[in-house]
Amino acid sequence: MQKKLFLFFVLFSSAVYAQKKPLDHSVYDGWESVGAKQLTNNGVWAAYAINPQEGDGNYYFQETITPSGRKIKVPRGTNLTFSNDSKFAALAIKPLFKDVRMAKIKKKKPEEQTKDTLAILNLTTLNVTKVPRVKSFSFPDKGASVIAYNLEKPLDTSKRTRPSTPPTEQKNDLDWLFADETPGAGAAAKEGSDLIVKNLTTGIEKTYKYVTDYTFSKNGKLLVFAASGSKKDKDAKHGVFLLDTEKWTLKTLVKDKGNFKGFTFDDESEHLAFLGETDPEKKEIKDYNIYYNSLTLDTAQILVDNESTGIPAKYAVSGDGRVTFSKDGSKLFFGIAPIKKAKDTTLVDFENAKLDIWGYKDDYLQTVQLKNADRESKKTYLSAIDVFSSDPKVIPLTDVKLPDASLVNEGDAAYVLASTDYGNRIASQWTGGTKRDYYLVDVKTGSRKKIIEGLNGNVQASPGGQYILYFNKENGNWYTYQVATGKVTLLNNNMAVKFADEENDVPDFASSYGMAGWTEEDKLVLINDRYDVWAFSPDGKSAPKNITIGFGRSNNITLRVERISVGGDRLMGMRNTGGNSDDRFFKKNEVLYFDGFNNATKENGIFRKAINDNKLPEQLVMEKAKFSSLVKAKDADLFIYDKGSYINSPDVYISKDFKTSTKLSSTNPQQANYNWGTSELVKWTTPKGYKSEGILYKPENFDPNKKYPMIVYFYEKLSDGLYTYQAPAPTPSRLNIPFFVSNGYLVFTPDISYEIGHPGKSAEEFINSGVEYLKKNAWVDGTKIGIQGQSWGGYQVAHLITVTNMYAAAWAGAPVVNMTSAYGGIRWESGMNRQFQYEKTQSRIGATLWEKPELYIQNSPLFNFPKVNTPVVVMANDADGAVPWYQGIEMFTGLRRLGKPVWLLNYNNEAHNLVQRQNRKDIQIREQQFFDYYLKGAKAPVWMVGGIPATEKGKTWGFELTDEKP
């Protein structure tokens with residue numbers, strides 16, 4: 001009887017699987033993913049976005065008080081913001097995807113296209129107010145439910161089909177749609193537009209004309225805005241204005257016409273500063289000033305101009321800098337920059353040479369300089385001024401030789417932390433990074449004190465400003481510098497545990513595992529080892545304490561303090577006070593939440609533990625799943641997150657304790673109609689005795705009595721993603737794993753560890769041995785195995801086909817095949833030279849081309865192309881900013897000369913990884929056709945058989961299948 005039942009269930013299961021169809025290329029656009037997730041401060045409402053890969057998404061609101069709470073869906077919603085009092089939500093409604101697509105087809109100008117609609121949702125009544133043609137909107141951080149929104153330019157009256165400001169509509173349907181909006185027409189480039197300010201509780205609403213910029217104070221009681229005025233409306237006001245959002249009184253701060261921006265209030269919302277210039281419109285170089293206002297002043301005063309005491313000669317206030325108050329409001333920080341030169345209008349363009357001059361003493365290669373030219377032209381140097389001084393003086397804190405600085409203790413410290421790599425920059429050509437010197441710069445005098453010299457590592461100030469914490473990569477140690485005494489303390493002195501990467505396999509110093517944060521008053525600093533988190537006394541007077549009690553290392557679980565988002569801000573950890581405390585610190589009795597990753601099983605979970613107790617971390621959940629980052633309600637114990645696995649599409653959940661949870665969403669129900677797949681961990685021992693692992697993906701209808709073709713995809717290490725969901729999508733370059741698995745392939749992703757100087761041999765050691773291990777299974781067709789890799793993976797593909805004929809087909813994206821020619825090349829996306837990659841990082845040679853030329857040749861597939869017998873497709877794009885695309889050309893022309901079957905795909909003006917979706921879709925089809933031909937015996941497509949002549953470019957794509965052979 002049991003045998004009969006077993007046979008019945010086997011037959012039944014087979015029948016179910018047989019009804020499921022394989023994925024095809026038409027499924028991509030509608031496949032969904034979870035977007036942003038938020039909770040109101042009181043935790044009563046949860047909201048989340050569900051978006052298709054291409055098309056119109058939705059924003060969902062779910063009341064959390066009861067399991068059957070009210071729900072509402074907002075089609076095409078995005079950029080959600082909740083009011084501080086949790087009574088309202090505001091979000092933008094994007095135009096219909098089909099309308100945007102048609103506008104692109106018709107090549108409409110941006111100002112002629114359909115614009116966003118603002119939706120304001122009353123969370124009590126569920127009434128929705130719709131305002132068309134809104135370009136920005138904002139709630140204050142705190143205070144009442146006051147919203148400000150800036151409209152797009154009015155419609156051209158000659159084309160208008162409805163009023164420019166139609167009456168608002170209100171609906172209380174729980175599932176509603178927005179009507180299409182009429183596209184707008186031409187707008188003046190510098191002229192502002194209507195700003196509407198509305199108290200959503202009282203209904204009071206005011207409109208202000210020609211507004212260009214606006215900002216709320218932190219408490220929401222004030223709103224500052226700039227108005228441009230209008231050449232057509234002579235009575236229109238221009239200048240800067242301050243609105244009291246409680247009394248609805250308006251104060252004119254500046255009545256001059258000009259450009260005003262960078263509005264910033266102090267923490268108490270009592271003081272305001274901003275940038276402004278009032279020069280003639282045609283003047284090329286504008287003279288910016290720093291304006292200041294307080295509640296006791298009727299108008300804004302110029303606090304800093306280019307004649308202010310302390311500004312260096314030939315320097316001026318920069319309009320590209322950021323204006324920031326210290327937390328206590330006593331200091332104002334801003335940027336200065338060298339005065340720019342106006343263009344020489346007497347020069348005749350065609351009479352002057354255009355060239356780049358490369359000099360060996362230049363700090364940066366010309367390619368880097370050209371790449372960063374725009375950014376450098378806007379570079380500013382941090383300066384400070386004492387707002388309340390009777391004789392205010394500008395204090396420059398940085399300059400050309402000491403360009404970088406960060407505020408300490410939110411600007412309240414007596415110093416800023418500044419750094420420079422001046423004098424060390426040339427070495428970045430072959431090191432990738434630079435050593436830096438660090439200084440404390442007094443904000444009152446500008447005097448400098450060097451505290452760290454020539455550091456290769458990471459540096460940051462403690463939140464309270466008492467210590468400078470730094471990690472030295474060259475010796476793998478953490479240190480503190482005590483600001484008050486100058487004392488340097490080695491934190492991990494004589495500790496057996498390492499705080500630098502124990503598995504480092506690049507020819508450079510190991511990186512740290514990072515730090516988790518500080519406790520209040522700078523009492524303790526929390527630092528990670530490979531598995532656990534340690535608390536160090538920064539003065540070294542107390543012994544280090546493993547706050548996770550060694551639980552991580554003893555259980556092979558990596559524990560990391562969860563960076564929980566509260567009210568849209570990423571915090572260091574969990575707050576007992578619901579996020580209302582000083583979020584820069586952990587409290588001494590803090591209850592922390594930890595991400596937990598089991599390195600053996602690849603399971604993920606969440607743990608909880610107080611800093612100061614001696615208990616083991618409490619496991620709240622551990623699953624064969626992947627969790628997103630956590631978002632918490634500010635004033636309630638409620639979390640929202642998403643969770644998924646390779647089998648289960650990620651969905652949104654809410655929970656109070658992670659022991660029980662409520663599922664809010666159901667993404668991708670259509671997945672049940674397709675032959676999906678499974679993922680399992682594979683472990684084997686390499687020929688040299690190394691332990692390795694990888695992931696094997698099998699079709700859902702896998703039958704051990706059949707033989708399957710297999711594709712091997714690799715990069716470096718991928719096994720930690722065992723439970724990561726992989727949506728069927730037109731990928732930028734990597735293998736579309738769920739698509740191939742659904743279509744009857746096995747997919748194997750082996751991990752690789754590297755021996756310095758021998759990256760090619762390392763790939764052989766781990767990849768080939770993993771494949772050989774799987775070939776022992778009767779269900780693996782050892783004659784039908786393909787390999788696919790991109791970039792570093794593409795290099796390894798190119799290498800493997802020169803040393804083995806085990807693979808029936810290969811696909812190499814953006815490969816380097818000649819390390820001798822690539823060594824001196826340029827990464828055009830950054831302008832950097834590629835030497836550092838070979839000497840210090842991923843390519844792992846660990847020596848210069850002149851020191852060990854034999855290693856460059858041994859690891860260059862080009863020199864062994866005569867041994868290749870595997871058909872291969874190369875993708876090399878002519879706008880690749882990482883790997884010179886001529887590397888792909890070297891591969892193609894070399895194999896072509898040798899008569900080997902090879903194809904080259906160059907997606908025009910495309911990057912290292914494909915960006916344009918139409919190109920991503922294209923490569924999916926070609927990759928399937930290529931592997932189907934060589935691994936499944938399918939017919940070959942025209943593009944593989946006869947190619948596509950240049951005369952047919954853009955007319956035919958060669959996807960048609962033919963009986964001819966390539």
# chains A, B, ... in the order shown; residues from 1 in each chain; ligands from 1

call {"tool": "select_by_dssp", "arguments": {"residues": "stretch 408-608 of chain A", "states": "alpha helix (DSSP H)", "output": "list in words"}}
result
Ser428, Gln429, Trp430, Thr431, Phe551, Gly552, Arg553, Ser554 and Asn555 of chain A

call {"tool": "write_last_selection", "arguments": {"atoms": "C-alpha atoms", "output": "mmCIF file, in the first residue's frame"}}
result
data_model
loop_
_atom_site.group_PDB
_atom_site.id
_atom_site.type_symbol
_atom_site.label_atom_id
_atom_site.label_comp_id
_atom_site.auth_asym_id
_atom_site.auth_seq_id
_atom_site.Cartn_x
_atom_site.Cartn_y
_atom_site.Cartn_z
ATOM 1 C CA SER A 428 47.810 56.037 -6.649
ATOM 2 C CA GLN A 429 48.637 55.003 -10.224
ATOM 3 C CA TRP A 430 50.029 51.708 -8.938
ATOM 4 C CA THR A 431 48.587 51.491 -5.410
ATOM 5 C CA PHE A 551 28.765 33.286 20.214
ATOM 6 C CA GLY A 552 29.567 34.169 16.629
ATOM 7 C CA ARG A 553 32.918 32.421 16.376
ATOM 8 C CA SER A 554 31.836 29.342 18.315
ATOM 9 C CA ASN A 555 28.789 28.891 16.069
#

call {"tool": "select_by_dssp", "arguments": {"residues": "stretch 808-896 of chain A", "states": "strand (DSSP E or B)", "output": "mmCIF file with C-alpha atoms, in the first residue's frame"}}
result
data_model
loop_
_atom_site.group_PDB
_atom_site.id
_atom_site.type_symbol
_atom_site.label_atom_id
_atom_site.label_comp_id
_atom_site.auth_asym_id
_atom_site.auth_seq_id
_atom_site.Cartn_x
_atom_site.Cartn_y
_atom_site.Cartn_z
ATOM 1 C CA ALA A 809 30.797 26.400 -25.016
ATOM 2 C CA ALA A 810 32.025 29.582 -23.355
ATOM 3 C CA TRP A 811 30.788 33.144 -22.947
ATOM 4 C CA ALA A 812 33.210 35.849 -21.822
ATOM 5 C CA GLY A 813 31.993 39.363 -21.050
ATOM 6 C CA ILE A 826 43.039 53.421 -18.511
ATOM 7 C CA ARG A 827 39.799 52.836 -16.628
ATOM 8 C CA MET A 832 42.738 55.892 -13.380
ATOM 9 C CA ASN A 833 45.548 53.771 -14.703
ATOM 10 C CA VAL A 872 33.247 31.325 -27.420
ATOM 11 C CA VAL A 873 31.247 34.560 -27.537
ATOM 12 C CA VAL A 874 32.940 37.737 -26.341
ATOM 13 C CA MET A 875 31.071 40.860 -25.233
#

call {"tool": "residues_around", "arguments": {"residues": "A:Leu526", "least_positions_apart": "6", "cutoff": "7 Å", "atoms": "only C-alpha atoms", "output": "list in words"}}
result
Met515, Ala516, Gly517, Trp518, Val533, Trp534, Ala535 and Phe536 of chain A

call {"tool": "closest_residue", "arguments": {"among": "A:Lys706, A:Lys624, A:Lys73, A:Lys341", "to": "A:Leu121", "atoms": "only C-alpha atoms"}}
result
A:Lys73

call {"tool": "residues_around", "arguments": {"residues": "stretch 28-37 of chain A", "least_positions_apart": "6", "cutoff": "6 Å", "atoms": "only C-alpha atoms", "output": "JSON, numbers by chain"}}
result
{"A": [47, 48, 49, 50, 51, 52, 53, 54, 668, 729]}

call {"tool": "atom_distance", "arguments": {"atom1": "atom CA of A:His799", "atom2": "atom CA of A:Ser742"}}
result
28.8 Å

call {"tool": "atom_distance", "arguments": {"atom1": "atom CA of A:Val254", "atom2": "atom CA of A:Glu307"}}
result
19.9 Å

call {"tool": "closest_residue", "arguments": {"among": "A:Asn913, A:Ser628, A:Ser193, A:Asn614", "to": "A:Lys643", "atoms": "only C-alpha atoms"}}
result
A:Ser628

call {"tool": "residues_around", "arguments": {"residues": "A:Ser753", "least_positions_apart": "6", "cutoff": "10 Å", "atoms": "only C-alpha atoms", "output": "compact mmCIF listing (two decimals) with N, CA and C atoms, in the first residue's frame"}}
result
# COMPACT_ATOMS: atom_id res chain seq x y z
N GLU A 503 40.69 36.12 5.55
CA GLU A 503 40.71 35.39 4.29
C GLU A 503 41.22 36.25 3.13
N ASN A 504 41.93 37.30 3.45
CA ASN A 504 42.44 38.20 2.41
C ASN A 504 43.28 37.44 1.39
N ASP A 505 42.93 37.55 0.10
CA ASP A 505 43.70 36.84 -0.92
C ASP A 505 44.05 37.75 -2.09
N VAL A 506 44.26 39.03 -1.79
CA VAL A 506 44.80 39.95 -2.79
C VAL A 506 46.16 40.43 -2.30
N TYR A 690 42.26 22.03 -0.72
CA TYR A 690 41.47 23.15 -0.21
C TYR A 690 39.99 22.77 -0.12
N LYS A 691 39.34 23.21 0.95
CA LYS A 691 37.90 23.01 1.07
C LYS A 691 37.19 24.12 0.32
N SER A 692 36.24 23.76 -0.52
CA SER A 692 35.52 24.77 -1.26
C SER A 692 34.04 24.44 -1.30
N GLU A 716 34.04 35.50 -7.99
CA GLU A 716 34.99 35.16 -6.92
C GLU A 716 34.31 34.20 -5.95
N LYS A 717 33.53 34.75 -5.02
CA LYS A 717 32.77 33.90 -4.09
C LYS A 717 31.29 34.29 -4.16
N PRO A 759 46.42 33.82 -10.55
CA PRO A 759 44.95 33.84 -10.59
C PRO A 759 44.38 32.83 -11.57
N SER A 762 44.54 29.41 -10.06
CA SER A 762 43.56 29.34 -8.97
C SER A 762 42.17 29.06 -9.53
N ALA A 763 41.83 29.70 -10.63
CA ALA A 763 40.54 29.44 -11.27
C ALA A 763 40.44 27.98 -11.69
N GLU A 765 42.04 25.46 -10.31
CA GLU A 765 42.00 24.65 -9.10
C GLU A 765 40.58 24.51 -8.55
N PHE A 766 39.85 25.62 -8.50
CA PHE A 766 38.54 25.59 -7.85
C PHE A 766 37.40 25.31 -8.82

call {"tool": "atom_distance", "arguments": {"atom1": "atom CA of A:Asp583", "atom2": "atom CA of A:Gly464"}}
result
11.9 Å

call {"tool": "residues_around", "arguments": {"residues": "A:Gly335", "least_positions_apart": "3", "cutoff": "6 Å", "atoms": "only C-alpha atoms", "output": "PDB file with N, CA and C atoms, in the first residue's frame"}}
result
ATOM      1  N   SER A 318      32.082  80.638  -2.100  1.00  0.00           N
ATOM      2  CA  SER A 318      31.707  79.791  -3.233  1.00  0.00           C
ATOM      3  C   SER A 318      30.196  79.536  -3.247  1.00  0.00           C
ATOM      4  N   GLY A 321      29.362  75.713  -2.454  1.00  0.00           N
ATOM      5  CA  GLY A 321      29.572  75.134  -1.141  1.00  0.00           C
ATOM      6  C   GLY A 321      28.273  74.907  -0.394  1.00  0.00           C
ATOM      7  N   THR A 380      35.238  73.342  -3.075  1.00  0.00           N
ATOM      8  CA  THR A 380      35.280  74.406  -2.088  1.00  0.00           C
ATOM      9  C   THR A 380      36.128  73.986  -0.909  1.00  0.00           C
ATOM     10  N   TYR A 381      36.560  74.990  -0.144  1.00  0.00           N
ATOM     11  CA  TYR A 381      37.410  74.749   1.018  1.00  0.00           C
ATOM     12  C   TYR A 381      36.679  75.228   2.269  1.00  0.00           C
ATOM     13  N   LEU A 382      36.543  74.298   3.215  1.00  0.00           N
ATOM     14  CA  LEU A 382      35.746  74.548   4.405  1.00  0.00           C
ATOM     15  C   LEU A 382      36.303  75.715   5.206  1.00  0.00           C
ATOM     16  N   SER A 383      35.380  76.588   5.600  1.00  0.00           N
ATOM     17  CA  SER A 383      35.722  77.735   6.443  1.00  0.00           C
ATOM     18  C   SER A 383      34.657  77.886   7.514  1.00  0.00           C
TER      19      SER A 383
END

call {"tool": "residues_around", "arguments": {"residues": "A:Tyr479", "least_positions_apart": "4", "cutoff": "7 Å", "atoms": "only C-alpha atoms", "output": "PyMOL selection string"}}
result
chain A and resi 469-471+488-491

call {"tool": "write_last_selection", "arguments": {"atoms": "N, CA and C atoms", "output": "PDB file, in the first residue's frame"}}
result
ATOM      1  N   LEU A 469      39.538  57.757  16.078  1.00  0.00           N
ATOM      2  CA  LEU A 469      39.683  56.307  15.936  1.00  0.00           C
ATOM      3  C   LEU A 469      40.245  56.015  14.556  1.00  0.00           C
ATOM      4  N   TYR A 470      41.263  55.124  14.486  1.00  0.00           N
ATOM      5  CA  TYR A 470      41.777  54.782  13.158  1.00  0.00           C
ATOM      6  C   TYR A 470      42.281  53.339  13.095  1.00  0.00           C
ATOM      7  N   PHE A 471      42.191  52.801  11.875  1.00  0.00           N
ATOM      8  CA  PHE A 471      42.650  51.444  11.595  1.00  0.00           C
ATOM      9  C   PHE A 471      43.826  51.527  10.643  1.00  0.00           C
ATOM     10  N   VAL A 488      48.195  58.103  22.205  1.00  0.00           N
ATOM     11  CA  VAL A 488      47.792  57.099  21.218  1.00  0.00           C
ATOM     12  C   VAL A 488      47.690  55.752  21.930  1.00  0.00           C
ATOM     13  N   THR A 489      46.568  55.071  21.740  1.00  0.00           N
ATOM     14  CA  THR A 489      46.332  53.780  22.395  1.00  0.00           C
ATOM     15  C   THR A 489      46.082  52.709  21.345  1.00  0.00           C
ATOM     16  N   LEU A 490      46.849  51.616  21.422  1.00  0.00           N
ATOM     17  CA  LEU A 490      46.604  50.441  20.591  1.00  0.00           C
ATOM     18  C   LEU A 490      45.505  49.626  21.263  1.00  0.00           C
ATOM     19  N   LEU A 491      44.358  49.545  20.605  1.00  0.00           N
ATOM     20  CA  LEU A 491      43.202  48.923  21.253  1.00  0.00           C
ATOM     21  C   LEU A 491      43.317  47.406  21.337  1.00  0.00           C
TER      22      LEU A 491
END

call {"tool": "closest_residue", "arguments": {"among": "A:Val652, A:Val459, A:Val712, A:Val128", "to": "A:Val74", "atoms": "only C-alpha atoms"}}
result
A:Val128
